[in-house]
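Data file: coords-v5.cif. Format and content: mmCIF, C-alpha atoms.
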```
data_protein
#
loop_
_atom_site.label_atom_id
_atom_site.label_comp_id
_atom_site.auth_asym_id
_atom_site.auth_seq_id
_atom_site.Cartn_x
_atom_site.Cartn_y
_atom_site.Cartn_z
CA MET K 23 -105.77 87.75 292.23
CA VAL K 24 -102.88 88.85 290.01
CA LYS K 25 -99.18 89.40 290.34
CA VAL K 26 -96.99 91.96 288.58
CA ILE K 27 -93.67 90.98 287.05
CA SER K 28 -91.46 94.02 286.61
CA GLY K 29 -89.19 92.76 283.84
CA ASP K 30 -86.36 95.12 284.84
CA LYS K 31 -83.65 92.52 285.33
CA PRO K 32 -80.50 93.22 283.32
CA ASN K 33 -79.88 90.99 280.31
CA THR K 34 -76.59 89.31 279.38
CA ALA K 35 -75.42 92.26 277.28
CA GLN K 36 -75.91 94.67 280.18
CA LYS K 37 -74.02 92.36 282.56
CA MET K 38 -71.07 92.26 280.18
CA LEU K 39 -71.05 96.03 279.65
CA PHE K 40 -68.81 97.10 282.53
CA PRO K 41 -66.17 94.31 282.27
CA LEU K 42 -65.85 94.85 278.52
CA PHE K 43 -65.58 98.61 278.95
CA LEU K 44 -62.96 98.21 281.68
CA ILE K 45 -60.85 95.85 279.55
CA ILE K 46 -60.84 98.28 276.61
CA ILE K 47 -59.95 101.30 278.78
CA LEU K 48 -57.14 99.45 280.55
CA GLY K 49 -55.91 98.25 277.18
CA LEU K 50 -55.79 101.80 275.80
CA LEU K 51 -53.95 103.05 278.88
CA PHE K 52 -51.44 100.19 278.77
CA ILE K 53 -50.73 100.75 275.08
CA GLY K 54 -50.46 104.49 275.72
CA ILE K 55 -47.62 103.89 278.20
CA LYS K 56 -45.55 102.31 275.45
CA GLN K 57 -43.69 104.81 273.28
CA ASP K 58 -43.33 102.78 270.09
CA ASN K 59 -46.88 102.65 268.73
CA PHE K 60 -49.43 104.92 267.09
CA ILE K 61 -51.63 105.28 270.17
CA ALA K 62 -48.72 106.51 272.31
CA ARG K 63 -47.45 108.93 269.66
CA GLN K 64 -50.81 110.64 269.23
CA GLY K 65 -50.59 112.22 272.69
CA TRP K 66 -52.58 111.97 275.90
CA GLY K 67 -55.04 114.64 274.79
CA LEU K 68 -56.31 112.60 271.86
CA LEU K 69 -56.08 109.35 273.82
CA SER K 70 -58.23 110.75 276.62
CA ALA K 71 -60.80 111.92 274.06
CA GLU K 72 -60.89 108.40 272.59
CA ILE K 73 -61.46 106.96 276.07
CA MET K 74 -64.37 109.37 276.61
CA LEU K 75 -65.91 108.44 273.26
CA ALA K 76 -65.53 104.75 274.11
CA ALA K 77 -67.21 105.32 277.47
CA LEU K 78 -70.13 107.18 275.86
CA ALA K 79 -70.50 104.49 273.20
CA PHE K 80 -70.73 101.77 275.84
CA PHE K 81 -73.24 103.68 277.95
CA TYR K 82 -75.43 104.34 274.93
CA TRP K 83 -75.10 100.74 273.84
CA GLY K 84 -76.16 99.60 277.31
CA PHE K 85 -79.19 101.86 277.14
CA GLU K 86 -80.10 100.55 273.69
CA GLN K 87 -79.84 96.98 274.99
CA GLY K 88 -82.23 97.79 277.84
CA LYS K 89 -85.99 97.64 277.89
CA ALA K 90 -86.80 101.34 277.79
CA SER K 91 -90.32 102.05 276.59
CA SER K 92 -91.13 104.67 274.00
CA ARG K 93 -92.67 106.82 276.74
CA GLU K 94 -89.47 106.63 278.80
CA ILE K 95 -87.34 107.57 275.79
CA ALA K 96 -89.62 110.52 275.04
CA LEU K 97 -89.44 111.70 278.66
CA ILE K 98 -85.63 111.43 278.67
CA ALA K 99 -85.51 113.51 275.49
CA VAL K 100 -87.77 116.17 277.00
CA LEU K 101 -85.78 116.35 280.25
CA GLY K 102 -82.50 116.51 278.33
CA ALA K 103 -83.82 119.33 276.15
CA ALA K 104 -85.16 121.20 279.19
CA ALA K 105 -81.80 120.92 280.96
CA ALA K 106 -80.06 122.12 277.79
CA VAL K 107 -82.37 125.11 277.38
CA GLY K 108 -81.82 126.00 281.03
CA ARG K 109 -78.09 126.29 280.39
CA VAL K 110 -78.29 128.79 277.51
CA PRO K 111 -79.68 131.90 279.33
CA PHE K 112 -77.02 131.53 282.05
CA ALA K 113 -74.09 131.27 279.62
CA ALA K 114 -72.82 134.74 280.60
CA LEU K 115 -72.45 133.72 284.26
CA PRO K 116 -69.30 131.79 285.24
CA ASN K 117 -70.43 128.17 285.71
CA VAL K 118 -73.80 129.14 287.20
CA GLN K 119 -76.63 127.27 285.45
CA PRO K 120 -79.48 124.92 286.41
CA THR K 121 -78.38 122.08 284.12
CA THR K 122 -76.46 120.08 286.72
CA PHE K 123 -79.28 120.41 289.23
CA MET K 124 -81.89 119.24 286.68
CA VAL K 125 -79.74 116.29 285.61
CA ILE K 126 -79.20 115.21 289.22
CA ILE K 127 -82.91 115.40 290.01
CA SER K 128 -83.76 113.43 286.87
CA GLY K 129 -81.36 110.65 287.85
CA PHE K 130 -82.57 110.71 291.44
CA VAL K 131 -86.18 110.15 290.38
CA PHE K 132 -85.83 107.91 287.32
CA GLY K 133 -82.66 105.97 288.10
CA PRO K 134 -79.02 105.80 286.95
CA ARG K 135 -79.71 104.84 283.33
CA ALA K 136 -82.14 107.67 282.70
CA GLY K 137 -79.93 110.08 284.65
CA PHE K 138 -76.95 109.39 282.42
CA MET K 139 -79.00 109.78 279.25
CA VAL K 140 -80.53 113.07 280.41
CA GLY K 141 -77.09 114.47 281.33
CA SER K 142 -75.36 113.46 278.12
CA THR K 143 -78.29 114.68 276.02
CA ALA K 144 -78.30 118.05 277.79
CA ALA K 145 -74.61 118.59 277.05
CA LEU K 146 -74.93 117.64 273.39
CA VAL K 147 -78.06 119.72 272.72
CA SER K 148 -76.93 122.83 274.59
CA ASN K 149 -73.64 122.88 272.71
CA PHE K 150 -75.54 123.31 269.45
CA PHE K 151 -76.25 126.80 270.81
CA LEU K 152 -73.04 127.43 272.76
CA GLY K 153 -70.58 125.70 270.46
CA GLN K 154 -69.50 122.11 269.78
CA GLY K 155 -65.89 121.06 270.19
CA PRO K 156 -63.55 118.47 271.71
CA TRP K 157 -64.96 119.37 275.12
CA THR K 158 -68.44 118.07 274.19
CA PRO K 159 -67.78 114.34 274.88
CA TRP K 160 -66.26 115.25 278.23
CA GLN K 161 -69.27 117.37 279.16
CA MET K 162 -71.60 114.60 278.04
CA PHE K 163 -69.72 112.11 280.20
CA SER K 164 -69.49 114.46 283.21
CA TRP K 165 -73.17 115.40 283.27
CA GLY K 166 -74.08 111.80 282.52
CA LEU K 167 -72.12 110.66 285.57
CA ALA K 168 -73.86 113.29 287.68
CA GLY K 169 -77.25 111.88 286.72
CA ALA K 170 -76.17 108.25 287.07
CA SER K 171 -74.60 108.82 290.50
CA ALA K 172 -77.78 110.55 291.67
CA GLY K 173 -79.72 107.43 290.72
CA LEU K 174 -77.28 105.30 292.70
CA ILE K 175 -77.60 107.62 295.70
CA LYS K 176 -81.37 107.08 295.59
CA ILE K 177 -80.82 103.30 295.67
CA VAL K 178 -78.24 103.34 298.46
CA TYR K 179 -79.78 106.17 300.54
CA PRO K 180 -83.49 106.34 299.65
CA ASN K 181 -84.20 108.74 302.54
CA ILE K 182 -81.27 111.05 301.94
CA GLY K 183 -83.37 114.18 302.55
CA THR K 184 -82.92 117.81 301.61
CA ARG K 185 -79.66 118.32 303.50
CA GLY K 186 -78.03 115.30 301.93
CA MET K 187 -79.13 116.23 298.41
CA SER K 188 -77.92 119.78 298.92
CA VAL K 189 -74.48 118.44 299.81
CA PHE K 190 -74.62 116.08 296.83
CA ASN K 191 -75.41 118.96 294.45
CA PHE K 192 -72.65 121.03 296.01
CA VAL K 193 -70.06 118.26 295.63
CA TRP K 194 -70.95 117.69 292.00
CA GLY K 195 -70.15 121.31 291.25
CA TYR K 196 -66.53 120.44 292.02
CA LEU K 197 -66.57 116.95 290.52
CA PHE K 198 -67.82 118.26 287.19
CA GLY K 199 -65.06 120.86 287.11
CA TRP K 200 -62.39 118.32 288.07
CA ILE K 201 -63.38 115.99 285.25
CA MET K 202 -63.33 118.86 282.75
CA ASN K 203 -59.96 119.98 284.15
CA LEU K 204 -58.58 116.57 283.28
CA TRP K 205 -59.50 117.17 279.64
CA PHE K 206 -57.96 120.66 279.72
CA TRP K 207 -54.77 119.37 281.34
CA THR K 208 -54.23 116.49 278.92
CA ALA K 209 -55.20 118.49 275.81
CA PHE K 210 -53.50 121.86 276.34
CA ILE K 211 -50.85 121.66 279.06
CA GLN K 212 -47.26 120.69 278.42
CA PRO K 213 -45.43 119.10 280.07
CA LEU K 214 -47.83 116.81 281.91
CA SER K 215 -46.53 116.86 285.47
CA TRP K 216 -47.87 117.07 289.00
CA GLN K 217 -46.99 120.76 289.07
CA SER K 218 -48.97 121.56 285.92
CA PHE K 219 -51.79 119.29 287.13
CA MET K 220 -52.15 121.17 290.42
CA ALA K 221 -51.85 124.54 288.67
CA ALA K 222 -54.69 123.67 286.27
CA TYR K 223 -56.96 122.57 289.11
CA ALA K 224 -56.10 125.57 291.27
CA ALA K 225 -56.94 127.95 288.41
CA SER K 226 -60.50 126.58 288.23
CA PHE K 227 -61.24 126.72 291.95
CA TRP K 228 -63.46 129.79 291.91
CA PHE K 229 -65.34 128.65 288.80
CA ASP K 230 -66.00 125.29 290.43
CA THR K 231 -67.10 127.04 293.60
CA PHE K 232 -69.63 129.15 291.68
CA HIS K 233 -70.91 125.95 290.08
CA ALA K 234 -71.24 124.19 293.44
CA VAL K 235 -73.01 127.12 295.11
CA GLY K 236 -75.31 127.55 292.11
CA ASN K 237 -76.29 123.88 292.21
CA THR K 238 -77.13 124.13 295.90
CA VAL K 239 -79.19 127.30 295.51
CA PHE K 240 -81.16 125.87 292.58
CA TYR K 241 -81.89 122.72 294.58
CA LEU K 242 -83.01 124.58 297.69
CA LEU K 243 -85.29 126.83 295.64
CA PHE K 244 -86.77 124.33 293.18
CA GLY K 245 -85.70 120.84 294.26
CA ALA K 246 -88.78 119.75 296.20
CA SER K 247 -91.28 120.90 293.56
CA PHE K 248 -89.20 119.50 290.71
CA ILE K 249 -88.96 116.08 292.38
CA LYS K 250 -92.70 116.08 293.06
CA ILE K 251 -93.50 116.78 289.39
CA LEU K 252 -91.12 114.12 288.09
CA LYS K 253 -92.47 111.50 290.51
CA ARG K 254 -95.92 111.99 288.99
CA PHE K 255 -94.50 111.21 285.56
CA ARG K 256 -92.62 108.22 286.95
CA ARG K 257 -95.83 106.68 288.25
CA LYS K 258 -97.34 106.99 284.78
CA LEU K 259 -94.33 105.20 283.25
CA LYS K 260 -94.56 102.11 285.44
CA THR K 261 -95.40 99.03 283.41
CA GLY K 262 -95.45 95.32 284.10
CA ILE K 263 -96.76 91.96 283.01
CA ILE K 264 -99.91 90.96 284.80
CA GLU K 265 -100.43 87.22 285.07
CA PRO K 266 -103.36 85.46 286.70
CA ASP K 267 -102.52 83.22 289.63
CA THR K 268 -102.49 79.53 288.81
CA LEU K 269 -105.75 77.94 289.86
CA SER K 270 -105.29 75.07 292.26
#
```
Now, as a test, write the supplied structure out as structure tokens.
Amino acid sequence: MVKVISGDKPNTAQKMLFPLFLIIILGLLFIGIKQDNFIARQGWGLLSAEIMLAALAFFYWGFEQGKASSREIALIAVLGAAAAVGRVPFAALPNVQPTTFMVIISGFVFGPRAGFMVGSTAALVSNFFLGQGPWTPWQMFSWGLAGASAGLIKIVYPNIGTRGMSVFNFVWGYLFGWIMNLWFWTAFIQPLSWQSFMAAYAASFWFDTFHAVGNTVFYLLFGASFIKILKRFRRKLKTGIIEPDTLS
């Protein structure tokens, strides 16, 4: 008889990832409140971009510290490229594209780490066609969070079902827009007030609604078959250390 050891336990670097990231972000925000230093004088738009870059750097560092196999990395690259290509033909439609749906399904099947990498890769690659800019890190972070949260949903609610996933896709249509609105508000709106904040979010309502409805339609049409295909690949990626039982 044999036993399989998964080897998926997080190492020390991964355990320290979130506390270290949180300390740095809180530090940047605290320094930004002060008005007598370089970080405060550069403005909230640039500061928020720095926070996004720091977040992406820590997520990528955590992935690099993990035990991803070459096959898993290749699959993440393929899924990220597929999600990116799916965005390009729909560029003319206001916020209607299959990218968010594909990122969510990838995270749901392969887990939070893979979901974040697929989402961030899709944003970066697709913007080589649609245009890079200061919005790219925010899109990478937003789609990465969509994939990572889908992986967490799978862990917490493994039997969420079609109705639950439809709602999840719908909600992320708004969440993605709200995160991107935060970048728009801090980078382009003056003064930064509750009135300008609400005006910026109200202006994007219909675009976010199109995104949410599009996500739901894509999931209802292709979700079941897409999940089935990805689960086949997931079974092929499973590895472990096989040790013989100790003879008595």
* Skip Trp205 (chain K) itself and residues of its chain fewer than 6 positions away, then list as a PyMOL selection string all residues within 12 Å of it, counting all atoms listed in the file. => chain K and resi 66-74+156-161+163-164+198-199+211+214+219+222-223
* **Between CA of Ile126 (chain K) and CA of Phe244 (chain K), distance in Å (one decimal)** =>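 Taking CA of Ile126 (chain K) as the start and CA of Phe244 (chain K) as the end point, the length is 12.5 Å.
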* To do: Could you check how far CA of Val100 (chain K) sits from CA of Arg135 (chain K), in Å to one decimal?
  =>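 So the answer is 15.3 Å.
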* **One-decimal distance in Å that lies between CA of Val140 (chain K) and CA of Glu94 (chain K)** => 11.1 Å
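Considering the residues K:Asn117, K:Ile182, K:Gly166, K:Leu146 and counting all atoms listed in the file, Trp228 (chain K) has its shortest atom-to-atom contact with K:Asn117.
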Mind rebuilding region 98-132 of chain K with N, CA and C atoms and writing that out as a CSV table (one decimal), in the coordinates of the input?
```csv
chain,number,residue,atom,x,y,z
K,98,ILE,N,-87.1,111.1,278.6
K,98,ILE,CA,-85.6,111.4,278.7
K,98,ILE,C,-85.3,112.5,277.7
K,99,ALA,N,-85.8,112.5,276.5
K,99,ALA,CA,-85.5,113.5,275.5
K,99,ALA,C,-86.0,114.9,275.9
K,100,VAL,N,-87.2,114.9,276.5
K,100,VAL,CA,-87.8,116.2,277.0
K,100,VAL,C,-86.9,116.7,278.2
K,101,LEU,N,-86.6,115.9,279.1
K,101,LEU,CA,-85.8,116.4,280.2
K,101,LEU,C,-84.4,116.8,279.8
K,102,GLY,N,-83.8,116.1,278.9
K,102,GLY,CA,-82.5,116.5,278.3
K,102,GLY,C,-82.6,117.9,277.6
K,103,ALA,N,-83.6,118.0,276.8
K,103,ALA,CA,-83.8,119.3,276.2
K,103,ALA,C,-84.1,120.4,277.1
K,104,ALA,N,-84.9,120.2,278.2
K,104,ALA,CA,-85.2,121.2,279.2
K,104,ALA,C,-83.9,121.6,279.9
K,105,ALA,N,-83.1,120.6,280.3
K,105,ALA,CA,-81.8,120.9,281.0
K,105,ALA,C,-80.9,121.7,280.0
K,106,ALA,N,-80.9,121.4,278.8
K,106,ALA,CA,-80.1,122.1,277.8
K,106,ALA,C,-80.5,123.6,277.6
K,107,VAL,N,-81.8,123.8,277.5
K,107,VAL,CA,-82.4,125.1,277.4
K,107,VAL,C,-82.1,125.9,278.6
K,108,GLY,N,-82.1,125.3,279.8
K,108,GLY,CA,-81.8,126.0,281.0
K,108,GLY,C,-80.4,126.5,281.1
K,109,ARG,N,-79.5,125.9,280.4
K,109,ARG,CA,-78.1,126.3,280.4
K,109,ARG,C,-77.9,127.6,279.6
K,110,VAL,N,-78.6,127.7,278.5
K,110,VAL,CA,-78.3,128.8,277.5
K,110,VAL,C,-78.4,130.2,278.1
K,111,PRO,N,-79.5,130.5,278.8
K,111,PRO,CA,-79.7,131.9,279.3
K,111,PRO,C,-78.6,132.3,280.4
K,112,PHE,N,-78.0,131.3,281.0
K,112,PHE,CA,-77.0,131.5,282.0
K,112,PHE,C,-75.6,131.5,281.5
K,113,ALA,N,-75.4,131.4,280.2
K,113,ALA,CA,-74.1,131.3,279.6
K,113,ALA,C,-73.1,132.4,280.0
K,114,ALA,N,-73.7,133.6,280.3
K,114,ALA,CA,-72.8,134.7,280.6
K,114,ALA,C,-72.3,134.7,282.0
K,115,LEU,N,-72.9,133.8,282.9
K,115,LEU,CA,-72.4,133.7,284.3
K,115,LEU,C,-71.4,132.6,284.4
K,116,PRO,N,-70.4,132.8,285.2
K,116,PRO,CA,-69.3,131.8,285.2
K,116,PRO,C,-69.7,130.5,286.0
K,117,ASN,N,-70.1,129.5,285.2
K,117,ASN,CA,-70.4,128.2,285.7
K,117,ASN,C,-71.7,128.1,286.6
K,118,VAL,N,-72.5,129.1,286.5
K,118,VAL,CA,-73.8,129.1,287.2
K,118,VAL,C,-74.9,128.8,286.2
K,119,GLN,N,-75.5,127.7,286.3
K,119,GLN,CA,-76.6,127.3,285.4
K,119,GLN,C,-77.4,126.1,286.1
K,120,PRO,N,-78.7,125.9,285.8
K,120,PRO,CA,-79.5,124.9,286.4
K,120,PRO,C,-79.3,123.5,285.8
K,121,THR,N,-78.5,123.4,284.8
K,121,THR,CA,-78.4,122.1,284.1
K,121,THR,C,-78.0,120.9,285.1
K,122,THR,N,-76.9,121.1,285.8
K,122,THR,CA,-76.5,120.1,286.7
K,122,THR,C,-77.5,119.7,287.7
K,123,PHE,N,-78.2,120.7,288.3
K,123,PHE,CA,-79.3,120.4,289.2
K,123,PHE,C,-80.4,119.6,288.6
K,124,MET,N,-80.8,120.0,287.4
K,124,MET,CA,-81.9,119.2,286.7
K,124,MET,C,-81.5,117.8,286.3
K,125,VAL,N,-80.2,117.6,285.9
K,125,VAL,CA,-79.7,116.3,285.6
K,125,VAL,C,-79.7,115.4,286.9
K,126,ILE,N,-79.3,116.0,288.0
K,126,ILE,CA,-79.2,115.2,289.2
K,126,ILE,C,-80.6,114.8,289.7
K,127,ILE,N,-81.5,115.7,289.6
K,127,ILE,CA,-82.9,115.4,290.0
K,127,ILE,C,-83.5,114.3,289.1
K,128,SER,N,-83.2,114.4,287.8
K,128,SER,CA,-83.8,113.4,286.9
K,128,SER,C,-83.2,112.0,287.2
K,129,GLY,N,-81.9,111.9,287.5
K,129,GLY,CA,-81.4,110.6,287.8
K,129,GLY,C,-81.9,110.2,289.2
K,130,PHE,N,-82.1,111.1,290.1
K,130,PHE,CA,-82.6,110.7,291.4
K,130,PHE,C,-84.0,110.1,291.4
K,131,VAL,N,-84.8,110.6,290.5
K,131,VAL,CA,-86.2,110.2,290.4
K,131,VAL,C,-86.3,108.9,289.5
K,132,PHE,N,-85.6,108.9,288.3
K,132,PHE,CA,-85.8,107.9,287.3
K,132,PHE,C,-84.7,106.8,287.3
```
